[in-house]
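Visitor: Have a look at this one.
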Amino acid sequence: MSIPTSHPGGQDLTLSCDYSYTLPESDQLVLTWYHNGSPIPIYQWVPALDMGPQVIHQLFKDNLDLTYEASDDKFKKHSALRIINPDQRFSGNYKCRVSTFLEEVSEDKDVFIYVPPASIALTITEGVISCQVEAVYPQPQVILAWTVNSTVYTSNEMELTANPLNSKLFDASVAATIEEADIAAQDMMTCEVMIDGTDYDKRVEKSILVKSEFSAEPDQIVQLFDELCNSADCVLTEKVAVDDNNPVDYEAVEKQIEVGTGLETLSEEAATFVESSGSQSSIDTLLVPVISALIMKCSLY
């Protein structure tokens with residue numbers, strides 16, 4: 001008997017029942033499937049009648065594929081149970097029984113039908129990081145993680161509500177407030193969603209900063225130059241530049257960013273990005289000749 005222990009809802013599920021028989025037994029075979037210990041079979045097939053399988057249980061009436069063939073052997077052809085578009089109602093214990101006039105064998109196994117999330121949204125708005133998980137069953141485990149200057153923080157304080165479109169499904173969310181001023185360019189946020197008892201594990205990752213915070217606006221640059229020209233140093237700098245009649249050397253300002261540890265919460269790709277981006281970051285070079293030209297113009301007034 002081949003049955004998965006867990007299976008995602010919405011994807012067709014095949015439950016296999018294997019058996020052996022002798023030639024004299026072939027016209028005596030009766031195969032039946034049962035669900036959750038019910039004495040009423042959900043499916044029955046008698047190969048010798050050559051009339052195909054029958055659905056007996058009302059729950060499975062519209063969800064079984066009676067044309068599915070599990071084998072080329074005419075006495076095993078319809079031995080498997082093919083469930084179309086299963087949902088959580090189809091979780092439970094399944095038993096396959098094969099009988100003849102003189103013998104009967106059976107085997108049963110449990111299968112759990114889960115519903116993976118319809119969507120996972122990871123966002124940041126006004127300093128609030130949020131992970132929204134919609135339409136999932138059963139209750140998931142949601143872990144929100146983020147870095148601040150490469151130090152990792154996590155939260156699993158989940159808010160759980162019923163899905164507005166299907167009350168049998170859950171919506172889950174985890175949120176955390178951060179100080180945006182402390183965020184560096186290499187900082188990341190992640191959301192990991194898991195469903196206990198299944199192999200479902202999905203992670204969403206994003207950079208916290210969408211746009212570099214080091215880019216200067218044009219009006220800020222003009223304001224900076226005006227403030228320089230109103231100072232006493234402005235005239236002095238201009239005179240030195242005129243008297244020397246020499247080109248002024250370029251100056252560069254460099255900023256160091258120290259990278260912390262504790263990146264194991266992130267994926268390998270995200271951790272690599274954080275480490276490589278945070279090794280050393282430099283600000284664009286400030287061109288002194290441009291400033292000096294504006295200073296000369298200022299001193300004429």
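Within each chain, counting starts at residue 1; across the structure tokens, chains are named A, B, ... in the order shown, with ligands numbered 1 upward in that order.
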With only C-alpha atoms as the counted atoms, please give the residues lying no more than 9 Å from A:Leu81, apart from itself and same-chain residues fewer than 5 positions off, as a PyMOL selection string.

Guide: chain A and resi 13-17+33+43+64-66+68+70

Visitor: Those selected residues, please, written with C-alpha atoms and delivered as an mmCIF file, in the first residue's frame.

Guide:
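Contents of selection.cif, as written:
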data_model
loop_
_atom_site.group_PDB
_atom_site.id
_atom_site.type_symbol
_atom_site.label_atom_id
_atom_site.label_comp_id
_atom_site.auth_asym_id
_atom_site.auth_seq_id
_atom_site.Cartn_x
_atom_site.Cartn_y
_atom_site.Cartn_z
ATOM 1 C CA LEU A 13 -3.950 12.348 -4.844
ATOM 2 C CA THR A 14 -3.343 8.714 -5.788
ATOM 3 C CA LEU A 15 -3.546 5.943 -3.163
ATOM 4 C CA SER A 16 -2.135 2.645 -4.394
ATOM 5 C CA CYS A 17 -3.096 -0.856 -3.251
ATOM 6 C CA TRP A 33 -11.550 1.114 -0.070
ATOM 7 C CA TYR A 43 -15.096 2.538 -3.538
ATOM 8 C CA LEU A 64 -12.978 10.173 -7.615
ATOM 9 C CA ASP A 65 -11.546 9.505 -11.070
ATOM 10 C CA LEU A 66 -13.088 6.193 -12.085
ATOM 11 C CA TYR A 68 -7.750 6.089 -13.726
ATOM 12 C CA ALA A 70 -2.990 1.897 -12.058
#

Visitor: Got a sec: who's within 7 Å of stretch 133-149 of chain A, counting only C-alpha atoms, leaving out chain neighbours fewer than 6 positions off, as a PyMOL selection string?

Guide: chain A and resi 114-121+155-156+158+163+169-174+182-184+187-195+259-260+265

Visitor: Residues as selected, C-alpha atoms, written as a short mmCIF file (atom, residue, chain, number, x, y, z; two decimals), in the first residue's frame, can you do that?

Guide:
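Okay, this is what ended up in part12.cif:
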data_model
loop_
_atom_site.label_atom_id
_atom_site.label_comp_id
_atom_site.auth_asym_id
_atom_site.auth_seq_id
_atom_site.Cartn_x
_atom_site.Cartn_y
_atom_site.Cartn_z
CA TYR A 114 -3.08 20.46 4.13
CA VAL A 115 -3.86 23.68 2.26
CA PRO A 116 -0.74 25.71 1.40
CA PRO A 117 -1.08 29.52 1.65
CA ALA A 118 -2.78 31.28 -1.24
CA SER A 119 -0.32 34.16 -0.76
CA ILE A 120 2.62 35.30 1.39
CA ALA A 121 3.29 39.07 1.45
CA SER A 155 9.61 37.44 16.00
CA ASN A 156 6.98 34.69 15.93
CA MET A 158 1.46 35.58 15.31
CA ASN A 163 -10.15 33.73 6.24
CA LEU A 169 -8.98 28.38 6.40
CA PHE A 170 -6.70 30.66 8.40
CA ASP A 171 -5.04 34.04 7.82
CA ALA A 172 -1.89 34.69 9.85
CA SER A 173 0.34 37.74 10.33
CA VAL A 174 3.49 38.71 12.22
CA ASP A 182 19.42 52.46 12.02
CA ILE A 183 18.98 50.36 8.86
CA ALA A 184 22.02 49.88 6.61
CA ASP A 187 20.03 44.76 5.86
CA MET A 188 17.44 42.14 4.90
CA MET A 189 14.00 40.96 6.05
CA THR A 190 12.64 37.42 5.69
CA CYS A 191 9.41 35.55 6.35
CA GLU A 192 9.38 31.78 6.77
CA VAL A 193 6.12 29.79 6.76
CA MET A 194 5.93 26.16 7.89
CA ILE A 195 3.08 23.69 8.41
CA VAL A 259 29.33 44.06 9.75
CA GLY A 260 28.03 42.05 12.72
CA THR A 265 18.38 33.03 10.63
#

Visitor: Considering only C-alpha atoms, state which residue in the set A:Leu59, A:Cys96, A:Leu49, A:Met1 is at the smallest distance from A:Ser26.

Guide: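 Under the stated criterion, the closest residue is A:Leu49.
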
Visitor: List the neighbours of A:Gln54 out to 10 Å using only C-alpha atoms; skip same-chain residues closer than 5 positions along the sequence, and give me the result as an NGL selection string.

Guide: :A and (32 or 41-46 or 61 or 64 or 66)

Visitor: Kindly save the residues from that selection, with N, CA, C and O atoms included, as a tab-separated table (two decimals), in the first residue's frame.

Guide:
chain	number	residue	atom	x	y	z
A	32	THR	N	-12.08	-3.23	-2.21
A	32	THR	CA	-12.86	-2.14	-1.60
A	32	THR	C	-11.92	-1.20	-0.84
A	32	THR	O	-10.91	-1.64	-0.26
A	41	PRO	N	-18.03	1.07	2.42
A	41	PRO	CA	-16.88	1.38	1.56
A	41	PRO	C	-17.12	2.64	0.74
A	41	PRO	O	-18.26	3.00	0.43
A	42	ILE	N	-16.03	3.33	0.42
A	42	ILE	CA	-16.15	4.51	-0.44
A	42	ILE	C	-16.01	4.13	-1.91
A	42	ILE	O	-16.42	4.88	-2.80
A	43	TYR	N	-15.44	2.93	-2.17
A	43	TYR	CA	-15.10	2.54	-3.54
A	43	TYR	C	-15.08	1.02	-3.60
A	43	TYR	O	-14.56	0.36	-2.69
A	44	GLN	N	-15.61	0.49	-4.66
A	44	GLN	CA	-15.63	-0.98	-4.82
A	44	GLN	C	-15.42	-1.35	-6.28
A	44	GLN	O	-15.98	-0.71	-7.18
A	45	TRP	N	-14.62	-2.40	-6.48
A	45	TRP	CA	-14.34	-2.86	-7.84
A	45	TRP	C	-14.26	-4.38	-7.86
A	45	TRP	O	-13.55	-5.00	-7.05
A	46	VAL	N	-15.02	-5.01	-8.78
A	46	VAL	CA	-15.00	-6.46	-8.98
A	46	VAL	C	-14.49	-6.71	-10.40
A	46	VAL	O	-15.24	-6.56	-11.37
A	61	LYS	N	-18.28	11.15	-3.98
A	61	LYS	CA	-19.05	10.99	-5.22
A	61	LYS	C	-18.51	11.83	-6.37
A	61	LYS	O	-18.45	11.36	-7.52
A	64	LEU	N	-13.75	11.34	-7.23
A	64	LEU	CA	-12.98	10.17	-7.61
A	64	LEU	C	-12.93	10.03	-9.13
A	64	LEU	O	-13.95	10.20	-9.82
A	66	LEU	N	-12.82	7.62	-11.86
A	66	LEU	CA	-13.09	6.19	-12.08
A	66	LEU	C	-12.43	5.67	-13.36
A	66	LEU	O	-12.46	4.46	-13.61

Visitor: Pick the closest to A:Phe60 from A:Ala48, A:Asp87, A:Ile124, A:Gly37: which is it, counting only C-alpha atoms?

Guide: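 Between A:Ala48, A:Asp87, A:Ile124, A:Gly37, the residue approaching A:Phe60 most closely is A:Asp87.
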
Visitor: One number please: atom CA of A:Glu107 to atom CA of A:Asp18, in Å, one decimal.

Guide: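 Interatomic distance, atom CA of A:Glu107 to atom CA of A:Asp18: 9.9 Å.
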
Visitor: With DSSP run on the backbone, what are the strand (DSSP E or B) residues within stretch 69-196 of chain A? I'd like them as a PyMOL selection string.

Guide: chain A and resi 81-83+92-99+104-115+119-125+128-137+141-148+151-155+159-162+170-177+188-194
